[in-house]
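The next block holds one structure in the form of structure tokens; read it before the comments.
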Amino acid sequence: MSLNEFPHTITVERTERIVDDTVYPPKEVINTSAHDLKAFMDTPSTSQQANYHSLDIRLDRVLYVPYGADITRLDVFIYDGELYEFVGDLQDQGGQHEIVSAPVRRLANG
């Protein structure tokens, strides 16, 4: 697989909530991390947009990453200065274990 298939760089931001039960009372700890990932951010087709619109879901882009990339449905990511979230599951394209895609939407800057 060539990295030319993934010409964009995204920054994945992950927040994990962990309960520290080594102290009393147990305390929730929030860990945050970020890492860069090669990706391809595509414009969705008109039919994809119409399908999501019929479900009352806004679809701004389709994310493609290499299979096995360190990203989950619960992560958010930054691309070109904009923050994105997933609006659907990450799916193995064609079951080939090469490329994973997912529908995403841009979050309002706040």
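Labels used: A, B, ... for chains in the order of the structure tokens, numbers from 1 for residues in each chain, and numbers from 1 for ligands as shown.
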- Could you pull the residues within 9 Å of range 6-12 of chain A, counting only C-alpha atoms, minus those fewer than 4 positions along the same chain, as a list in words?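 Using only C-alpha atoms, the neighbours found are Ser2, Ser33, Ala34, His35, Asp36, Leu37, Lys38, Ala39, Phe40, Met41, Tyr64, Val65, Pro66, Asp70, Ile71, Asp75, Val76, Phe77, Ile78, Tyr79 and Asp80 of chain A.
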- Message: Need to verify the contact set: range 101-107 of chain A, 12 Å, only C-alpha atoms, exclusion of same-chain residues closer than 4 positions in sequence. Can you return it as a ChimeraX atom specification?
- Response: /A:6,39-45,48-49,51-52,57-69,71-95,97
- Residue contacts of Glu16 in chain A (8 Å, only C-alpha atoms) excluding same-chain residues fewer than 5 positions away, as a PyMOL selection string: chain A and resi 30-32
- Task: Write out as number ranges by chain all residues of range 6-101 of chain A that DSSP puts in helix (DSSP H, G or I) for this structure's backbone.
- Result: A: 46-54, 93-95
- If you measure from CA of Glu28 in chain A to CA of Arg14 in chain A, what distance in Å do you get, rounded to one decimal?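 Separation between CA of Glu28 in chain A and CA of Arg14 in chain A: 16.1 Å.
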- Task: Write down as a ChimeraX atom specification the residues of chain A whose backbone DSSP state falls under strand (DSSP E or B).
- Result: /A:8-20,27-42,61-66,76-79,82-86,91-92,99-106
Expected file contents, prior selection, N, CA and C atoms, as a short mmCIF file (atom, residue, chain, number, x, y, z; two decimals), in the first residue's frame:
data_model
loop_
_atom_site.label_atom_id
_atom_site.label_comp_id
_atom_site.auth_asym_id
_atom_site.auth_seq_id
_atom_site.Cartn_x
_atom_site.Cartn_y
_atom_site.Cartn_z
N HIS A 8 -3.21 13.21 3.12
CA HIS A 8 -3.53 14.17 4.18
C HIS A 8 -3.04 13.67 5.54
N THR A 9 -2.79 14.61 6.43
CA THR A 9 -2.43 14.27 7.81
C THR A 9 -3.52 14.79 8.72
N ILE A 10 -4.03 13.91 9.58
CA ILE A 10 -5.01 14.32 10.58
C ILE A 10 -4.38 14.14 11.96
N THR A 11 -4.86 14.90 12.92
CA THR A 11 -4.43 14.75 14.30
C THR A 11 -5.59 14.15 15.09
N VAL A 12 -5.40 12.93 15.55
CA VAL A 12 -6.42 12.21 16.30
C VAL A 12 -6.32 12.63 17.76
N GLU A 13 -7.45 13.03 18.34
CA GLU A 13 -7.51 13.39 19.75
C GLU A 13 -8.37 12.36 20.47
N ARG A 14 -7.80 11.76 21.50
CA ARG A 14 -8.49 10.69 22.23
C ARG A 14 -8.61 11.08 23.69
N THR A 15 -9.82 10.92 24.23
CA THR A 15 -10.08 11.15 25.65
C THR A 15 -10.57 9.85 26.25
N GLU A 16 -9.91 9.41 27.31
CA GLU A 16 -10.29 8.17 27.98
C GLU A 16 -10.58 8.48 29.44
N ARG A 17 -11.70 7.98 29.92
CA ARG A 17 -12.07 8.13 31.32
C ARG A 17 -11.78 6.81 32.03
N ILE A 18 -10.96 6.90 33.07
CA ILE A 18 -10.54 5.71 33.81
C ILE A 18 -10.85 5.93 35.29
N VAL A 19 -11.37 4.90 35.93
CA VAL A 19 -11.64 4.98 37.36
C VAL A 19 -10.42 4.45 38.11
N ASP A 20 -9.84 5.32 38.92
CA ASP A 20 -8.70 4.93 39.76
C ASP A 20 -9.25 4.40 41.07
N LYS A 27 -11.68 7.53 42.19
CA LYS A 27 -11.64 8.83 41.53
C LYS A 27 -11.56 8.62 40.02
N GLU A 28 -12.34 9.40 39.27
CA GLU A 28 -12.29 9.32 37.82
C GLU A 28 -11.13 10.17 37.31
N VAL A 29 -10.32 9.57 36.46
CA VAL A 29 -9.18 10.26 35.87
C VAL A 29 -9.43 10.36 34.37
N ILE A 30 -9.18 11.52 33.81
CA ILE A 30 -9.36 11.71 32.37
C ILE A 30 -7.99 11.83 31.73
N ASN A 31 -7.70 10.89 30.83
CA ASN A 31 -6.45 10.91 30.07
C ASN A 31 -6.74 11.40 28.66
N THR A 32 -5.94 12.34 28.18
CA THR A 32 -6.08 12.80 26.81
C THR A 32 -4.75 12.59 26.09
N SER A 33 -4.87 12.26 24.82
CA SER A 33 -3.67 12.08 24.01
C SER A 33 -3.98 12.51 22.59
N ALA A 34 -2.93 12.73 21.83
CA ALA A 34 -3.08 13.11 20.42
C ALA A 34 -1.94 12.49 19.63
N HIS A 35 -2.26 12.09 18.41
CA HIS A 35 -1.24 11.57 17.51
C HIS A 35 -1.66 11.84 16.07
N ASP A 36 -0.67 11.94 15.19
CA ASP A 36 -0.92 12.19 13.77
C ASP A 36 -1.11 10.88 13.04
N LEU A 37 -1.89 10.95 11.96
CA LEU A 37 -2.22 9.77 11.18
C LEU A 37 -2.37 10.18 9.72
N LYS A 38 -1.84 9.36 8.80
CA LYS A 38 -2.02 9.60 7.37
C LYS A 38 -3.43 9.19 7.00
N ALA A 39 -4.10 9.99 6.17
CA ALA A 39 -5.49 9.75 5.82
C ALA A 39 -5.81 10.36 4.46
N PHE A 40 -7.02 10.11 4.02
CA PHE A 40 -7.56 10.77 2.83
C PHE A 40 -8.95 11.28 3.20
N MET A 41 -9.13 12.59 3.11
CA MET A 41 -10.43 13.20 3.40
C MET A 41 -11.10 13.48 2.07
N ASP A 42 -12.21 12.79 1.82
CA ASP A 42 -12.89 12.89 0.55
C ASP A 42 -14.21 13.64 0.71
N ARG A 61 -17.80 14.97 5.20
CA ARG A 61 -16.67 14.33 4.52
C ARG A 61 -16.73 12.83 4.74
N VAL A 62 -15.90 12.11 3.99
CA VAL A 62 -15.69 10.69 4.22
C VAL A 62 -14.19 10.52 4.48
N LEU A 63 -13.86 9.91 5.61
CA LEU A 63 -12.47 9.69 6.01
C LEU A 63 -12.04 8.30 5.56
N TYR A 64 -10.86 8.20 4.95
CA TYR A 64 -10.24 6.93 4.60
C TYR A 64 -8.89 6.86 5.29
N VAL A 65 -8.62 5.75 5.98
CA VAL A 65 -7.34 5.53 6.66
C VAL A 65 -6.88 4.10 6.37
N PRO A 66 -5.59 3.83 6.55
CA PRO A 66 -5.12 2.45 6.37
C PRO A 66 -5.77 1.52 7.39
N VAL A 76 -12.11 12.10 18.14
CA VAL A 76 -12.33 13.23 17.26
C VAL A 76 -10.99 13.52 16.60
N PHE A 77 -11.00 14.28 15.51
CA PHE A 77 -9.72 14.57 14.85
C PHE A 77 -9.76 15.94 14.19
N ILE A 78 -8.56 16.46 13.97
CA ILE A 78 -8.41 17.77 13.34
C ILE A 78 -7.83 17.56 11.95
N TYR A 79 -8.47 18.21 10.98
CA TYR A 79 -7.95 18.22 9.61
C TYR A 79 -8.10 19.63 9.07
N GLU A 82 -9.84 22.22 11.19
CA GLU A 82 -11.24 21.97 11.59
C GLU A 82 -11.34 20.68 12.40
N LEU A 83 -12.23 20.67 13.38
CA LEU A 83 -12.46 19.51 14.23
C LEU A 83 -13.61 18.68 13.66
N TYR A 84 -13.41 17.35 13.59
CA TYR A 84 -14.40 16.43 13.02
C TYR A 84 -14.74 15.34 14.02
N GLU A 85 -15.97 14.79 13.89
CA GLU A 85 -16.41 13.64 14.66
C GLU A 85 -17.03 12.62 13.70
N PHE A 86 -17.12 11.39 14.14
CA PHE A 86 -17.71 10.32 13.33
C PHE A 86 -19.23 10.37 13.42
N GLN A 91 -15.55 1.24 8.61
CA GLN A 91 -15.85 0.01 7.88
C GLN A 91 -14.70 -0.39 6.98
N ASP A 92 -14.36 -1.68 7.02
CA ASP A 92 -13.33 -2.27 6.18
C ASP A 92 -13.84 -2.28 4.74
N ILE A 99 -8.07 -0.76 3.57
CA ILE A 99 -8.54 0.61 3.78
C ILE A 99 -9.82 0.58 4.59
N VAL A 100 -9.93 1.52 5.52
CA VAL A 100 -11.12 1.67 6.34
C VAL A 100 -11.71 3.05 6.04
N SER A 101 -13.04 3.12 5.94
CA SER A 101 -13.68 4.41 5.70
C SER A 101 -14.72 4.67 6.78
N ALA A 102 -15.04 5.95 6.94
CA ALA A 102 -16.07 6.34 7.91
C ALA A 102 -16.62 7.71 7.52
N PRO A 103 -17.94 7.89 7.68
CA PRO A 103 -18.54 9.20 7.46
C PRO A 103 -18.26 10.11 8.66
N VAL A 104 -17.97 11.38 8.37
CA VAL A 104 -17.65 12.32 9.45
C VAL A 104 -18.33 13.66 9.20
N ARG A 105 -18.47 14.43 10.28
CA ARG A 105 -19.00 15.79 10.15
C ARG A 105 -18.11 16.74 10.92
N ARG A 106 -18.08 17.96 10.41
CA ARG A 106 -17.30 19.03 11.06
C ARG A 106 -18.06 19.54 12.26
#
